[in-house]
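File shown here: data30.cif, holding mmCIF, C-alpha atoms and all ligand atoms; chains and numbers go by the auth columns.
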```
data_work
loop_
_atom_site.group_PDB
_atom_site.id
_atom_site.type_symbol
_atom_site.label_atom_id
_atom_site.label_comp_id
_atom_site.label_asym_id
_atom_site.label_seq_id
_atom_site.Cartn_x
_atom_site.Cartn_y
_atom_site.Cartn_z
_atom_site.B_iso_or_equiv
_atom_site.auth_seq_id
_atom_site.auth_asym_id
ATOM 1 C CA MET A 1 0.000 0.000 0.000 0.00 224 Q
ATOM 2 C CA ILE A 2 1.401 3.373 -1.022 0.00 225 Q
ATOM 3 C CA LYS A 3 0.333 6.105 1.380 0.00 226 Q
ATOM 4 C CA VAL A 4 -0.098 9.672 0.170 0.00 227 Q
ATOM 5 C CA LEU A 5 -0.736 12.746 2.329 0.00 228 Q
ATOM 6 C CA PHE A 6 -1.677 16.114 0.813 0.00 229 Q
ATOM 7 C CA VAL A 7 -0.860 19.111 3.010 0.00 230 Q
ATOM 8 C CA CYS A 8 -1.914 22.772 2.946 0.00 231 Q
ATOM 9 C CA LEU A 9 -2.343 25.404 5.655 0.00 232 Q
ATOM 10 C CA GLY A 10 -5.943 25.055 6.805 0.00 233 Q
ATOM 11 C CA ASN A 11 -6.892 21.611 5.438 0.00 234 Q
ATOM 12 C CA ILE A 12 -10.227 22.978 4.267 0.00 235 Q
ATOM 13 C CA CYS A 13 -9.463 24.140 0.698 0.00 236 Q
ATOM 14 C CA ARG A 14 -6.490 22.851 -1.307 0.00 237 Q
ATOM 15 C CA SER A 15 -5.501 19.594 0.365 0.00 238 Q
ATOM 16 C CA PRO A 16 -8.997 18.062 0.744 0.00 239 Q
ATOM 17 C CA LEU A 17 -9.647 18.947 -2.909 0.00 240 Q
ATOM 18 C CA ALA A 18 -6.316 17.338 -3.876 0.00 241 Q
ATOM 19 C CA GLU A 19 -7.258 14.225 -1.929 0.00 242 Q
ATOM 20 C CA ALA A 20 -10.675 14.060 -3.654 0.00 243 Q
ATOM 21 C CA ILE A 21 -9.116 14.450 -7.109 0.00 244 Q
ATOM 22 C CA PHE A 22 -6.488 11.823 -6.309 0.00 245 Q
ATOM 23 C CA ASN A 23 -9.138 9.348 -5.115 0.00 246 Q
ATOM 24 C CA HIS A 24 -11.302 10.027 -8.161 0.00 247 Q
ATOM 25 C CA LYS A 25 -8.392 9.408 -10.512 0.00 248 Q
ATOM 26 C CA ILE A 26 -7.158 6.207 -8.869 0.00 249 Q
ATOM 27 C CA HIS A 27 -10.719 4.914 -8.905 0.00 250 Q
ATOM 28 C CA ASN A 28 -11.145 5.670 -12.611 0.00 251 Q
ATOM 29 C CA LYS A 29 -7.793 4.097 -13.420 0.00 252 Q
ATOM 30 C CA GLY A 30 -8.528 0.970 -11.376 0.00 253 Q
ATOM 31 C CA LEU A 31 -5.638 1.705 -9.047 0.00 254 Q
ATOM 32 C CA ASP A 32 -7.597 2.044 -5.752 0.00 255 Q
ATOM 33 C CA SER A 33 -6.134 -1.051 -4.187 0.00 256 Q
ATOM 34 C CA PHE A 34 -2.580 0.279 -4.362 0.00 257 Q
ATOM 35 C CA PHE A 35 -3.210 3.437 -2.361 0.00 258 Q
ATOM 36 C CA LYS A 36 -4.345 5.048 0.848 0.00 259 Q
ATOM 37 C CA SER A 37 -4.698 8.836 0.860 0.00 260 Q
ATOM 38 C CA ASP A 38 -5.423 11.531 3.399 0.00 261 Q
ATOM 39 C CA SER A 39 -4.984 15.276 3.846 0.00 262 Q
ATOM 40 C CA ALA A 40 -3.902 17.537 6.700 0.00 263 Q
ATOM 41 C CA GLY A 41 -3.018 21.130 7.533 0.00 264 Q
ATOM 42 C CA THR A 42 0.137 22.612 9.011 0.00 265 Q
ATOM 43 C CA SER A 43 -2.049 24.975 11.093 0.00 266 Q
ATOM 44 C CA ASP A 44 -4.585 24.173 13.803 0.00 267 Q
ATOM 45 C CA PHE A 45 -7.067 26.757 12.478 0.00 268 Q
ATOM 46 C CA HIS A 46 -9.789 24.396 11.280 0.00 269 Q
ATOM 47 C CA ILE A 47 -9.400 21.162 13.219 0.00 270 Q
ATOM 48 C CA GLY A 48 -12.589 19.105 13.115 0.00 271 Q
ATOM 49 C CA GLU A 49 -14.258 21.290 10.497 0.00 272 Q
ATOM 50 C CA LEU A 50 -15.759 20.229 7.200 0.00 273 Q
ATOM 51 C CA PRO A 51 -14.037 21.597 4.078 0.00 274 Q
ATOM 52 C CA ASP A 52 -14.903 25.163 3.016 0.00 275 Q
ATOM 53 C CA ASP A 53 -18.314 25.400 1.255 0.00 276 Q
ATOM 54 C CA ARG A 54 -16.538 26.593 -1.880 0.00 277 Q
ATOM 55 C CA THR A 55 -14.300 23.499 -1.841 0.00 278 Q
ATOM 56 C CA ILE A 56 -17.332 21.216 -1.521 0.00 279 Q
ATOM 57 C CA ARG A 57 -19.188 23.052 -4.325 0.00 280 Q
ATOM 58 C CA CYS A 58 -16.151 22.929 -6.592 0.00 281 Q
ATOM 59 C CA ALA A 59 -15.646 19.197 -6.008 0.00 282 Q
ATOM 60 C CA LYS A 60 -19.351 18.560 -6.634 0.00 283 Q
ATOM 61 C CA HIS A 61 -19.180 20.531 -9.875 0.00 284 Q
ATOM 62 C CA TYR A 62 -16.576 18.074 -11.156 0.00 285 Q
ATOM 63 C CA GLY A 63 -18.493 15.029 -9.915 0.00 286 Q
ATOM 64 C CA MET A 64 -16.733 14.382 -6.631 0.00 287 Q
ATOM 65 C CA SER A 65 -17.911 14.308 -3.056 0.00 288 Q
ATOM 66 C CA ILE A 66 -15.622 15.167 -0.174 0.00 289 Q
ATOM 67 C CA LYS A 67 -15.844 13.554 3.226 0.00 290 Q
ATOM 68 C CA HIS A 68 -13.108 14.956 5.393 0.00 291 Q
ATOM 69 C CA ARG A 69 -12.657 16.705 8.722 0.00 292 Q
ATOM 70 C CA GLY A 70 -9.821 19.177 9.163 0.00 293 Q
ATOM 71 C CA ARG A 71 -6.817 17.884 11.051 0.00 294 Q
ATOM 72 C CA GLN A 72 -3.276 19.021 11.755 0.00 295 Q
ATOM 73 C CA VAL A 73 -0.142 17.203 10.583 0.00 296 Q
ATOM 74 C CA ASN A 74 1.367 15.162 13.420 0.00 297 Q
ATOM 75 C CA ARG A 75 4.459 13.119 14.218 0.00 298 Q
ATOM 76 C CA VAL A 76 2.937 9.803 13.136 0.00 299 Q
ATOM 77 C CA ASP A 77 2.265 11.165 9.642 0.00 300 Q
ATOM 78 C CA PHE A 78 6.000 11.346 8.963 0.00 301 Q
ATOM 79 C CA ARG A 79 6.342 7.640 9.708 0.00 302 Q
ATOM 80 C CA GLU A 80 3.091 6.502 8.079 0.00 303 Q
ATOM 81 C CA PHE A 81 3.047 8.293 4.740 0.00 304 Q
ATOM 82 C CA ASP A 82 5.344 7.473 1.830 0.00 305 Q
ATOM 83 C CA TYR A 83 4.538 10.688 -0.016 0.00 306 Q
ATOM 84 C CA ILE A 84 3.897 13.909 1.886 0.00 307 Q
ATOM 85 C CA ILE A 85 3.023 16.604 -0.631 0.00 308 Q
ATOM 86 C CA ALA A 86 2.942 20.310 0.227 0.00 309 Q
ATOM 87 C CA MET A 87 0.754 22.720 -1.701 0.00 310 Q
ATOM 88 C CA ASP A 88 3.163 25.662 -1.512 0.00 311 Q
ATOM 89 C CA ASN A 89 6.611 26.673 -0.334 0.00 312 Q
ATOM 90 C CA GLN A 90 5.442 28.008 3.025 0.00 313 Q
ATOM 91 C CA ASN A 91 3.916 24.652 3.915 0.00 314 Q
ATOM 92 C CA LEU A 92 6.947 22.851 2.481 0.00 315 Q
ATOM 93 C CA GLN A 93 9.211 24.866 4.779 0.00 316 Q
ATOM 94 C CA ASN A 94 6.997 24.168 7.784 0.00 317 Q
ATOM 95 C CA LEU A 95 7.011 20.442 7.011 0.00 318 Q
ATOM 96 C CA ASP A 96 10.792 20.477 6.579 0.00 319 Q
ATOM 97 C CA LYS A 97 11.085 21.983 10.073 0.00 320 Q
ATOM 98 C CA LEU A 98 8.556 19.562 11.567 0.00 321 Q
ATOM 99 C CA LYS A 99 10.294 16.500 10.139 0.00 322 Q
ATOM 100 C CA ILE A 100 13.452 17.457 12.005 0.00 323 Q
ATOM 101 C CA ARG A 101 11.585 18.199 15.215 0.00 324 Q
ATOM 102 C CA TYR A 102 9.796 14.843 14.966 0.00 325 Q
ATOM 103 C CA GLY A 103 12.943 12.832 14.232 0.00 326 Q
ATOM 104 C CA PHE A 104 12.591 12.169 10.500 0.00 327 Q
ATOM 105 C CA PRO A 105 15.353 14.387 9.057 0.00 328 Q
ATOM 106 C CA ASP A 106 15.796 12.241 5.934 0.00 329 Q
ATOM 107 C CA LYS A 107 12.132 12.281 4.930 0.00 330 Q
ATOM 108 C CA THR A 108 11.535 13.813 1.514 0.00 331 Q
ATOM 109 C CA ILE A 109 8.717 16.337 1.388 0.00 332 Q
ATOM 110 C CA TYR A 110 7.405 16.987 -2.115 0.00 333 Q
ATOM 111 C CA LEU A 111 5.979 20.151 -3.640 0.00 334 Q
ATOM 112 C CA MET A 112 2.747 19.464 -5.536 0.00 335 Q
ATOM 113 C CA ARG A 113 3.558 21.265 -8.779 0.00 336 Q
ATOM 114 C CA ASP A 114 7.081 19.796 -8.961 0.00 337 Q
ATOM 115 C CA PHE A 115 5.453 16.771 -10.585 0.00 338 Q
ATOM 116 C CA VAL A 116 4.577 18.921 -13.627 0.00 339 Q
ATOM 117 C CA GLU A 117 7.605 19.393 -15.849 0.00 340 Q
ATOM 118 C CA ASP A 118 6.984 23.071 -16.671 0.00 341 Q
ATOM 119 C CA GLU A 119 5.608 24.113 -13.264 0.00 342 Q
ATOM 120 C CA LYS A 120 8.395 23.177 -10.857 0.00 343 Q
ATOM 121 C CA GLY A 121 8.723 25.423 -7.795 0.00 344 Q
ATOM 122 C CA GLN A 122 5.303 27.000 -8.290 0.00 345 Q
ATOM 123 C CA PRO A 123 2.625 27.035 -5.572 0.00 346 Q
ATOM 124 C CA VAL A 124 -0.946 25.839 -5.623 0.00 347 Q
ATOM 125 C CA PRO A 125 -2.142 29.338 -4.626 0.00 348 Q
ATOM 126 C CA ASP A 126 -4.129 29.805 -1.434 0.00 349 Q
ATOM 127 C CA PRO A 127 -7.748 30.400 -2.556 0.00 350 Q
ATOM 128 C CA TYR A 128 -9.128 31.222 0.900 0.00 351 Q
ATOM 129 C CA TYR A 129 -9.466 34.969 0.388 0.00 352 Q
ATOM 130 C CA GLY A 130 -10.392 34.656 -3.269 0.00 353 Q
ATOM 131 C CA GLY A 131 -13.722 34.121 -4.980 0.00 354 Q
ATOM 132 C CA GLU A 132 -15.355 31.032 -6.368 0.00 355 Q
ATOM 133 C CA GLU A 133 -13.236 31.286 -9.532 0.00 356 Q
ATOM 134 C CA GLU A 134 -10.052 30.746 -7.479 0.00 357 Q
ATOM 135 C CA PHE A 135 -11.327 27.294 -6.608 0.00 358 Q
ATOM 136 C CA HIS A 136 -11.786 26.401 -10.269 0.00 359 Q
ATOM 137 C CA LYS A 137 -8.244 27.655 -10.931 0.00 360 Q
ATOM 138 C CA ILE A 138 -6.776 25.457 -8.226 0.00 361 Q
ATOM 139 C CA TYR A 139 -8.893 22.560 -9.452 0.00 362 Q
ATOM 140 C CA ASP A 140 -7.231 22.836 -12.878 0.00 363 Q
ATOM 141 C CA ILE A 141 -3.777 23.118 -11.306 0.00 364 Q
ATOM 142 C CA LEU A 142 -4.385 20.110 -9.049 0.00 365 Q
ATOM 143 C CA ASP A 143 -5.894 18.057 -11.849 0.00 366 Q
ATOM 144 C CA ARG A 144 -2.711 18.465 -13.930 0.00 367 Q
ATOM 145 C CA ALA A 145 -0.308 17.960 -11.045 0.00 368 Q
ATOM 146 C CA ILE A 146 -2.045 14.855 -9.728 0.00 369 Q
ATOM 147 C CA GLU A 147 -2.250 13.325 -13.209 0.00 370 Q
ATOM 148 C CA ASP A 148 1.527 13.718 -13.578 0.00 371 Q
ATOM 149 C CA PHE A 149 2.148 12.582 -9.994 0.00 372 Q
ATOM 150 C CA LEU A 150 0.171 9.387 -10.676 0.00 373 Q
ATOM 151 C CA GLN A 151 2.062 8.781 -13.899 0.00 374 Q
ATOM 152 C CA GLU A 152 5.317 9.039 -11.957 0.00 375 Q
ATOM 153 C CA LEU A 153 4.012 6.673 -9.262 0.00 376 Q
ATOM 154 C CA LYS A 154 2.942 4.132 -11.877 0.00 377 Q
ATOM 155 C CA GLU A 155 6.422 4.120 -13.359 0.00 378 Q
ATOM 156 C CA ARG A 156 8.305 4.252 -10.068 0.00 379 Q
ATOM 157 C CA HIS A 157 6.286 1.462 -8.428 0.00 380 Q
ATOM 158 C CA GLN A 158 5.462 -0.499 -11.605 0.00 381 Q
ATOM 159 C CA LEU A 159 1.718 -0.314 -11.058 0.00 382 Q
ATOM 160 C CA TYR A 160 -0.602 -1.882 -13.610 0.00 383 Q
ATOM 161 C CA ALA A 161 -4.348 -1.772 -13.353 0.00 384 Q
HETATM 162 P P1 LIG B . -6.086 25.905 2.666 0.00 401 Q
HETATM 163 O O1 LIG B . -6.708 27.366 2.682 0.00 401 Q
HETATM 164 O O2 LIG B . -4.721 26.002 3.314 0.00 401 Q
HETATM 165 O O3 LIG B . -5.999 25.574 1.219 0.00 401 Q
HETATM 166 O O4 LIG B . -7.042 25.020 3.427 0.00 401 Q
HETATM 167 C C1 LIG B . -6.775 28.154 3.836 0.00 401 Q
HETATM 168 C C2 LIG B . -7.782 27.918 4.740 0.00 401 Q
HETATM 169 C C3 LIG B . -7.883 28.714 5.878 0.00 401 Q
HETATM 170 C C4 LIG B . -6.970 29.726 6.090 0.00 401 Q
HETATM 171 C C5 LIG B . -5.948 29.963 5.163 0.00 401 Q
HETATM 172 C C6 LIG B . -5.851 29.168 4.044 0.00 401 Q
HETATM 173 N N1 LIG B . -7.084 30.559 7.244 0.00 401 Q
HETATM 174 O O5 LIG B . -6.292 31.509 7.376 0.00 401 Q
HETATM 175 O O6 LIG B . -7.968 30.312 8.082 0.00 401 Q
#
```

Starting from the file, give its structure as structure tokens.
Amino acid sequence: MIKVLFVCLGNICRSPLAEAIFNHKIHNKGLDSFFKSDSAGTSDFHIGELPDDRTIRCAKHYGMSIKHRGRQVNRVDFREFDYIIAMDNQNLQNLDKLKIRYGFPDKTIYLMRDFVEDEKGQPVPDPYYGGEEEFHKIYDILDRAIEDFLQELKERHQLYA
């Protein structure tokens, strides 16, 4: 089982949407049985909350439902998850500090858009203070990045549906 954790700041916008898109794609590709996914936030702002209404509406628009409650990244995540993927550089930096504090200095933390050849180093922008259209923008970004991430996983782990 390959375990994937998507991480943003609040765990109510980007990372739960990333998790929903990932689950949708692995289901459509017949790859469900290879993976376990989850999402978390680096902050404690929205622990226990449902995703933002705009996140839920956006997911629904593209045919996905989201069942998730906000949670904060913890020590166990660094041991449990094979791929921890940050949505932007601020969260990447926080995770790089946390991995040292929690005793996993060699853990690789990935940046979401680094999986897209022409988008390396770029953030999945925080849509929280934006309008509804920001959510559709991040959906498109995540859709591309997760497609390329899955392609890389298929090659790296020799997965065949
Ligand atoms: P997320 O978006 O990190 O994509 O879940 C945010 C959600 C909440 C806040 C910031 C970003 N906040 O400041 O409460």

Per residue of chain Q within 10 Å of ligand LIG 401 (chain Q), record the nearest atom pair and its distance in Å to one decimal, counting only C-alpha atoms and all ligand atoms, with rows in chain order and ascending residue number, as JSON lines.
```
{"residue": "Q:Val230", "atom": "CA", "partner": "Q:LIG401", "partner_atom": "O2", "distance": 7.9}
{"residue": "Q:Cys231", "atom": "CA", "partner": "Q:LIG401", "partner_atom": "O2", "distance": 4.3}
{"residue": "Q:Leu232", "atom": "CA", "partner": "Q:LIG401", "partner_atom": "O2", "distance": 3.4}
{"residue": "Q:Gly233", "atom": "CA", "partner": "Q:LIG401", "partner_atom": "O4", "distance": 3.6}
{"residue": "Q:Asn234", "atom": "CA", "partner": "Q:LIG401", "partner_atom": "O4", "distance": 4.0}
{"residue": "Q:Ile235", "atom": "CA", "partner": "Q:LIG401", "partner_atom": "O4", "distance": 3.9}
{"residue": "Q:Cys236", "atom": "CA", "partner": "Q:LIG401", "partner_atom": "O4", "distance": 3.8}
{"residue": "Q:Arg237", "atom": "CA", "partner": "Q:LIG401", "partner_atom": "O3", "distance": 3.7}
{"residue": "Q:Ser238", "atom": "CA", "partner": "Q:LIG401", "partner_atom": "O3", "distance": 6.1}
{"residue": "Q:Pro239", "atom": "CA", "partner": "Q:LIG401", "partner_atom": "O4", "distance": 7.7}
{"residue": "Q:Leu240", "atom": "CA", "partner": "Q:LIG401", "partner_atom": "O3", "distance": 8.6}
{"residue": "Q:Ala241", "atom": "CA", "partner": "Q:LIG401", "partner_atom": "O3", "distance": 9.7}
{"residue": "Q:Ser262", "atom": "CA", "partner": "Q:LIG401", "partner_atom": "O4", "distance": 10.0}
{"residue": "Q:Ala263", "atom": "CA", "partner": "Q:LIG401", "partner_atom": "O4", "distance": 8.8}
{"residue": "Q:Gly264", "atom": "CA", "partner": "Q:LIG401", "partner_atom": "O2", "distance": 6.7}
{"residue": "Q:Thr265", "atom": "CA", "partner": "Q:LIG401", "partner_atom": "O2", "distance": 8.2}
{"residue": "Q:Ser266", "atom": "CA", "partner": "Q:LIG401", "partner_atom": "O2", "distance": 8.3}
{"residue": "Q:Asp267", "atom": "CA", "partner": "Q:LIG401", "partner_atom": "O6", "distance": 9.0}
{"residue": "Q:Phe268", "atom": "CA", "partner": "Q:LIG401", "partner_atom": "O6", "distance": 5.7}
{"residue": "Q:His269", "atom": "CA", "partner": "Q:LIG401", "partner_atom": "O6", "distance": 7.0}
{"residue": "Q:Pro274", "atom": "CA", "partner": "Q:LIG401", "partner_atom": "O4", "distance": 7.8}
{"residue": "Q:Asp275", "atom": "CA", "partner": "Q:LIG401", "partner_atom": "C2", "distance": 7.8}
{"residue": "Q:Thr278", "atom": "CA", "partner": "Q:LIG401", "partner_atom": "O3", "distance": 9.1}
{"residue": "Q:Gly293", "atom": "CA", "partner": "Q:LIG401", "partner_atom": "O4", "distance": 8.6}
{"residue": "Q:Met310", "atom": "CA", "partner": "Q:LIG401", "partner_atom": "O3", "distance": 7.9}
{"residue": "Q:Asp311", "atom": "CA", "partner": "Q:LIG401", "partner_atom": "O2", "distance": 9.3}
{"residue": "Q:Asn314", "atom": "CA", "partner": "Q:LIG401", "partner_atom": "O2", "distance": 8.8}
{"residue": "Q:Val347", "atom": "CA", "partner": "Q:LIG401", "partner_atom": "O3", "distance": 8.5}
{"residue": "Q:Pro348", "atom": "CA", "partner": "Q:LIG401", "partner_atom": "O3", "distance": 8.0}
{"residue": "Q:Asp349", "atom": "CA", "partner": "Q:LIG401", "partner_atom": "O3", "distance": 5.3}
{"residue": "Q:Pro350", "atom": "CA", "partner": "Q:LIG401", "partner_atom": "O1", "distance": 6.1}
{"residue": "Q:Tyr351", "atom": "CA", "partner": "Q:LIG401", "partner_atom": "C1", "distance": 4.9}
{"residue": "Q:Tyr352", "atom": "CA", "partner": "Q:LIG401", "partner_atom": "C6", "distance": 7.8}
{"residue": "Q:Phe358", "atom": "CA", "partner": "Q:LIG401", "partner_atom": "O3", "distance": 9.6}
{"residue": "Q:Ile361", "atom": "CA", "partner": "Q:LIG401", "partner_atom": "O3", "distance": 9.5}
```

Box along x, y and z, 3 Å on every side, all listed atoms of range 326-332 of chain Q inside: centre and edge lengths in Å to one decimal, as lines of an AutoDock Vina configuration file.
```
center_x = 12.3
center_y = 14.3
center_z = 7.8
size_x = 13.1
size_y = 10.2
size_z = 18.8
```

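In this comparison, which uses all atoms listed in the file, the residue of Q:Asn317, Q:Ser256, Q:Gln374, Q:Asn312 approaching Phe338 in chain Q most closely is Q:Gln374.
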
With the PyMOL selection byres (((chain Q and resi 285) around 12) and not hetatm) as the selection, what would be picked from this file? Answer as a PyMOL selection string, please. chain Q and resi 240+243-244+247-248+278-284+286-289+358-359+362-363+366

If we count all atoms listed in the file and set the cut-off at 9 Å, which residues sit around Ile307 in chain Q, ignoring sequence neighbours fewer than 6 positions away in its own chain? Please answer as a list in words. Lys226, Val227, Leu228, Phe229, Val230, Asp300, Phe301, Leu318, Lys330, Thr331, Ile332, Tyr333 and Leu334 of chain Q

Report the distance between CA of Ala309 in chain Q and CA of Glu242 in chain Q in Å, rounded to one decimal place.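 Value for the CA of Ala309 in chain Q-CA of Glu242 in chain Q distance: 12.1 Å.
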
Quick one: distance from CA of Glu342 in chain Q to CA of Leu365 in chain Q in Å, one decimal? 11.6 Å

Computed interatomic separation between CA of Leu376 in chain Q and CA of Glu303 in chain Q (Å):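 One can read the CA of Leu376 in chain Q to CA of Glu303 in chain Q distance as 17.4 Å.
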
With only C-alpha atoms as the atoms that count, which of Q:Ala368, Q:Ile225, Q:Ile270, Q:Ile323 lies nearest to Leu254 in chain Q? Q:Ile225

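Nearest residue to Glu370 in chain Q among Q:Arg302, Q:Tyr325, Q:Val339, Q:Glu356 is Q:Val339, counting all atoms listed in the file.
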
Smallest atom-to-atom distance to Glu375 in chain Q: which of Q:Pro328, Q:Leu315, Q:His291, Q:Glu340, using only C-alpha atoms?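 Selected residue with least distance to Glu375 in chain Q: Q:Glu340.
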
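Among the candidates Q:Val299, Q:Phe258, Q:Pro346, Q:Phe304, the residue lying nearest to Gly326 in chain Q is Q:Val299 (atoms considered: only C-alpha atoms).
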
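Among the candidates Q:Glu378, Q:Asp261, Q:Asp319, Q:Asp305, the residue lying nearest to Lys290 in chain Q is Q:Asp261 (atoms considered: all atoms listed in the file).
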